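A.B. asks: The structure's right below; bear with me while I get my questions together.
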There are 2 protein chains.
Amino acid sequence: MISPLSSKMIRFSKKVEYALMALKFISASNPRLVTAREISDKVNIPYDLLSKILQRLKSEKILSSTQGTHGGYLLASSPDKIFLYEIMRAIDGDRALTECLISGKEGECGLEDSCSIKSPVTKLQKEVEELFKSKTISDFV
Amino acid sequence: MISPLSSKMIRFSKKVEYALMALKFISASNPRLVTAREISDKVNIPYDLLSKILQRLKSEKILSSTQGTHGGYLLASSPDKIFLYEIMRAIDGDRALTECLISGKEGECGLEDSCSIKSPVTKLQKEVEELFKSKTISDFV
DNA sequence: TTGAAAGCGGACTAATCAAGTCCTATTTAG
DNA sequence: CTAAATAGGACTTGATTAGTCCGCTTTCAA
Ligand code: SF4
Ligand code: SF4
């Protein structure tokens, strides 16, 4: 009937949880360079998974990294400028309450023309976004 | 590492979207008794799926129903007393940002003891809940 | 009294997604 | 030149979602 929905929003994926823990850890170690291995050990996150999460955060400019033997990660900006919303987006991509609100998927729903809830849901989506945009990793004491 | 997470929250499931549309429709037809078939036709929702959604809303006391030839559904209370949060809960069960915050699953996570984000996430969860508790189907103009 | 129209409800399937693993580069200090 | 680190693609597994199917029960009216 409706094309299957591929987007989750607001329920944290494990990856996002791991990202938050990792970012907290890195933040607490500031300005020391921290390795994926160290975080994996201290916070008990599977190493391979964590690696990819950190790489992703790096590619999204939330972290900076140095390669090589004594490499590691650092926050790319101060903790109170790293917003939850951006972390979620970096890791899980664009998400929204409904399919039609995800950029790139507008019009894949099929009910969109006749949909009676799209407009109110759009408003609600904005409120949810505001909530997540208002939190930074500094709030994750 | 961590037991797989079985809870989604805040991304609406299609069922919740359908529920909202159906409730809007029933609300608009008030106080006429409305059948699942009629809603299915008018709103373009698969009949079988919709049936189960309505049944669920009924069993959760959000709708009332009458069986038999001229049966159908009615709102069990006024639209401004039917909260989004309750609809979501009726349909998808208990959900939360993280596994550890779902009643019945406390302690299934495995990281719970050492988790550095549980407390801030708990706070955030409350804010999210407040948001959904503040919306009723009257807000879904 | 019987049949059609409605609600009730479990079992099932197919597609999709999340979580985690594995493997192979590339970079760089010592 | 090698060990330790980041980088990143391919893959597997299990869980979840969306949707279907089928049979039962209730009620009304012909
Ligand atoms: S809100 Fe309406 S249009 Fe948007 S995805 Fe849900 S059904 Fe389709
Ligand atoms: S304890 Fe920490 S890791 Fe486990 S579910 Fe709760 S928040 Fe996520």
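Chain identifiers are assigned as A, B, and so on, following the order in which chains appear in the structure tokens; residues are numbered from 1 within each chain, and ligands are numbered from 1 in order of appearance.
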Identify, counting only C-alpha atoms (C1' of nucleotides) and all ligand atoms, the protein, DNA and RNA residues located within 7 Å of ligand 1, and give them as a list in words.
C.D. replies: Thr98, Glu99, Cys100, Leu101, Cys109, Gly110, Leu111, Glu112, Cys115, Ser116, Ile117, Lys118 and Val121 of chain A; Lys14 and Glu17 of chain B
A.B. asks: Export N, CA, C and O atoms of the chosen residues as a CSV table (one decimal), in the first residue's frame?
C.D. replies:
chain,number,residue,atom,x,y,z
A,98,THR,N,8.0,11.2,9.8
A,98,THR,CA,7.4,10.4,8.7
A,98,THR,C,8.3,10.5,7.5
A,98,THR,O,9.1,11.4,7.3
A,99,GLU,N,8.0,9.6,6.6
A,99,GLU,CA,8.8,9.4,5.4
A,99,GLU,C,8.8,10.7,4.5
A,99,GLU,O,9.8,11.2,4.1
A,100,CYS,N,7.6,11.3,4.4
A,100,CYS,CA,7.5,12.5,3.5
A,100,CYS,C,8.3,13.7,4.0
A,100,CYS,O,8.5,14.6,3.2
A,101,LEU,N,8.8,13.7,5.2
A,101,LEU,CA,9.5,14.8,5.7
A,101,LEU,C,11.1,14.6,5.6
A,101,LEU,O,11.8,15.5,6.1
A,109,CYS,N,5.8,8.4,-0.6
A,109,CYS,CA,4.8,7.8,0.2
A,109,CYS,C,3.5,7.3,-0.5
A,109,CYS,O,3.0,6.3,-0.2
A,110,GLY,N,3.0,8.1,-1.4
A,110,GLY,CA,1.9,7.6,-2.2
A,110,GLY,C,0.6,8.1,-1.6
A,110,GLY,O,-0.4,8.3,-2.4
A,111,LEU,N,0.5,8.4,-0.3
A,111,LEU,CA,-0.7,9.0,0.3
A,111,LEU,C,-0.5,10.5,0.3
A,111,LEU,O,-1.4,11.2,0.7
A,112,GLU,N,0.6,10.9,0.0
A,112,GLU,CA,1.0,12.3,0.2
A,112,GLU,C,-0.1,13.3,-0.3
A,112,GLU,O,-0.3,14.3,0.4
A,115,CYS,N,-3.1,13.0,2.1
A,115,CYS,CA,-2.8,12.8,3.5
A,115,CYS,C,-3.3,13.9,4.4
A,115,CYS,O,-3.1,15.1,4.2
A,116,SER,N,-4.1,13.5,5.4
A,116,SER,CA,-4.7,14.5,6.3
A,116,SER,C,-3.8,14.9,7.5
A,116,SER,O,-4.2,15.8,8.2
A,117,ILE,N,-2.7,14.2,7.6
A,117,ILE,CA,-1.9,14.6,8.8
A,117,ILE,C,-0.6,15.2,8.5
A,117,ILE,O,0.2,15.5,9.4
A,118,LYS,N,-0.3,15.3,7.2
A,118,LYS,CA,1.1,15.8,6.9
A,118,LYS,C,1.4,17.1,7.5
A,118,LYS,O,2.5,17.3,8.0
A,121,VAL,N,1.9,17.1,11.2
A,121,VAL,CA,3.1,16.3,11.6
A,121,VAL,C,4.3,17.2,11.3
A,121,VAL,O,5.3,17.1,12.0
B,14,LYS,N,4.0,3.3,10.6
B,14,LYS,CA,2.8,3.5,9.7
B,14,LYS,C,1.5,3.3,10.5
B,14,LYS,O,0.6,4.0,10.3
B,17,GLU,N,0.6,6.4,12.1
B,17,GLU,CA,0.1,7.4,11.1
B,17,GLU,C,-1.4,7.1,10.7
B,17,GLU,O,-2.2,7.9,10.7
A.B. asks: May I have the residues within 9 Å of segment 6-10 of chain D as a ChimeraX atom specification, using only C-alpha atoms (C1' of nucleotides) and disregarding those fewer than 3 positions away in the same chain?
C.D. replies: /A:36,51-52,55,65-68,71-72 /C:22-23,25-27
A.B. asks: With N, CA, C and O atoms (P, O5', C5', C4', C3', O3' and C1' of nucleotides) retained, could you export that selection as a short mmCIF file (atom, residue, chain, number, x, y, z; two decimals), in the first residue's frame?
C.D. replies:
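In the end it all went to again-v1.cif:
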data_model
loop_
_atom_site.label_atom_id
_atom_site.label_comp_id
_atom_site.auth_asym_id
_atom_site.auth_seq_id
_atom_site.Cartn_x
_atom_site.Cartn_y
_atom_site.Cartn_z
N ALA A 36 40.58 4.94 19.42
CA ALA A 36 39.37 4.12 19.40
C ALA A 36 39.51 2.94 20.35
O ALA A 36 38.57 2.59 21.06
N SER A 51 34.85 2.10 15.79
CA SER A 51 35.74 2.67 14.78
C SER A 51 34.96 3.40 13.71
O SER A 51 35.24 4.54 13.37
N LYS A 52 33.98 2.69 13.19
CA LYS A 52 33.22 3.30 12.11
C LYS A 52 32.44 4.52 12.57
O LYS A 52 32.25 5.48 11.82
N GLN A 55 34.89 7.31 12.77
CA GLN A 55 35.24 7.75 11.41
C GLN A 55 34.15 8.63 10.84
O GLN A 55 34.41 9.64 10.18
N SER A 65 40.93 14.00 13.54
CA SER A 65 41.73 12.83 13.84
C SER A 65 43.15 13.01 13.31
O SER A 65 43.39 13.81 12.43
N THR A 66 44.06 12.26 13.89
CA THR A 66 45.38 12.14 13.29
C THR A 66 45.67 10.66 13.13
O THR A 66 45.37 9.87 14.02
N GLN A 67 46.22 10.31 11.99
CA GLN A 67 46.51 8.92 11.70
C GLN A 67 47.90 8.55 12.21
O GLN A 67 48.59 9.35 12.81
N GLY A 68 48.27 7.32 11.94
CA GLY A 68 49.61 6.89 12.29
C GLY A 68 49.71 6.34 13.70
O GLY A 68 48.74 6.35 14.46
N GLY A 71 48.28 8.11 16.62
CA GLY A 71 47.09 8.85 16.20
C GLY A 71 45.98 8.79 17.23
O GLY A 71 46.14 8.25 18.33
N GLY A 72 44.85 9.34 16.85
CA GLY A 72 43.70 9.34 17.76
C GLY A 72 42.73 10.42 17.37
O GLY A 72 42.84 11.03 16.31
P DC C 22 34.37 -11.95 13.47
"O5'" DC C 22 34.90 -11.55 12.02
"C5'" DC C 22 34.00 -11.66 10.92
"C4'" DC C 22 34.71 -11.28 9.63
"C3'" DC C 22 36.24 -11.34 9.69
"O3'" DC C 22 36.71 -11.84 8.46
"C1'" DC C 22 35.57 -9.21 9.02
P DC C 23 38.23 -12.49 8.34
"O5'" DC C 23 38.64 -11.95 6.91
"C5'" DC C 23 37.67 -11.26 6.10
"C4'" DC C 23 38.31 -10.11 5.35
"C3'" DC C 23 39.85 -10.08 5.39
"O3'" DC C 23 40.33 -9.83 4.09
"C1'" DC C 23 38.99 -8.00 6.03
P DA C 25 44.65 -5.20 0.38
"O5'" DA C 25 45.12 -4.06 1.35
"C5'" DA C 25 45.69 -2.93 0.76
"C4'" DA C 25 44.75 -1.74 0.83
"C3'" DA C 25 45.55 -0.45 0.93
"O3'" DA C 25 45.19 0.46 -0.07
"C1'" DA C 25 44.07 -0.70 2.81
P DT C 26 46.32 1.43 -0.51
"O5'" DT C 26 46.47 2.44 0.70
"C5'" DT C 26 45.35 3.23 1.08
"C4'" DT C 26 45.70 4.05 2.31
"C3'" DT C 26 47.08 4.71 2.23
"O3'" DT C 26 46.89 6.07 2.53
"C1'" DT C 26 46.80 3.59 4.28
P DT C 27 48.05 7.09 2.39
"O5'" DT C 27 48.46 7.41 3.91
"C5'" DT C 27 47.49 7.96 4.77
"C4'" DT C 27 48.03 7.93 6.17
"C3'" DT C 27 49.38 8.61 6.36
"O3'" DT C 27 49.22 9.59 7.36
"C1'" DT C 27 49.36 6.49 7.40
#
A.B. asks: Got a sec to pull out which chain D residues are within 7 Å of chain B, counting only C-alpha atoms (C1' of nucleotides), and send them as a VMD selection string?
C.D. replies: chain D and resid 15 19 26 to 28
A.B. asks: Could you please determine the separation between atom CA of Tyr85 of chain B and atom CA of Lys133 of chain B in Å, to one decimal place?
C.D. replies: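 Atom CA of Tyr85 of chain B sits 5.0 Å away from atom CA of Lys133 of chain B.
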A.B. asks: Could you work out how far atom C1' of DT13 of chain C lies from atom CA of Leu57 of chain B, giving the answer in Å with one decimal?
C.D. replies: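 Atom C1' of DT13 of chain C lies 24.6 Å from atom CA of Leu57 of chain B.
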A.B. asks: At a cut-off of 7 Å, using only C-alpha atoms (C1' of nucleotides), what residues contact Ser138 of chain B? Leave out same-chain residues fewer than 2 positions from it and give the result as an MDAnalysis selection string.
C.D. replies: chainID B and resid 79:80 136 140:141
A.B. asks: For the selection just defined, write its residues with C-alpha atoms to a file, as a PDB file, in the first residue's frame.
C.D. replies:
ATOM      1  CA  PRO B  79     -10.794  14.818  20.651  1.00  0.00           C
ATOM      2  CA  ASP B  80      -8.981  17.232  22.901  1.00  0.00           C
ATOM      3  CA  THR B 136      -4.093  15.732  21.158  1.00  0.00           C
ATOM      4  CA  PHE B 140      -3.995  17.459  14.135  1.00  0.00           C
ATOM      5  CA  VAL B 141      -6.107  19.864  12.209  1.00  0.00           C
TER       6      VAL B 141
END
A.B. asks: Within 12 Å of DC1 of chain D, counting only C-alpha atoms (C1' of nucleotides), which residues show up once you throw out same-chain ones fewer than 2 positions away? Write them as number ranges by chain, please.
C.D. replies: C: 29-30; D: 3
A.B. asks: Measure the distance from atom CA of Val128 of chain A to atom CA of Ile91 of chain A in Å and round it to one decimal.
C.D. replies: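 Taking atom CA of Val128 of chain A as the start and atom CA of Ile91 of chain A as the end point, the length is 17.7 Å.
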A.B. asks: May I ask you to extract the residues of chain C within 9 Å of chain B, using only C-alpha atoms (C1' of nucleotides), and to give them as a list in words?
C.D. replies: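 So the residues of chain C near chain B are DA4, DA5, DA6, DG7, DC8, DG9, DA18, DA19 and DG20 of chain C.
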A.B. asks: Write down as a count of residues only the residues belonging to chain B that are assigned strand (DSSP E or B) by DSSP computed on the backbone.
C.D. replies: 12
A.B. asks: Would you please give, as a PyMOL selection string, all residues of chain B that DSSP assigns to alpha helix (DSSP H) based on the backbone?
C.D. replies: chain B and resi 14-29+36-43+47-59+84-92+118-133
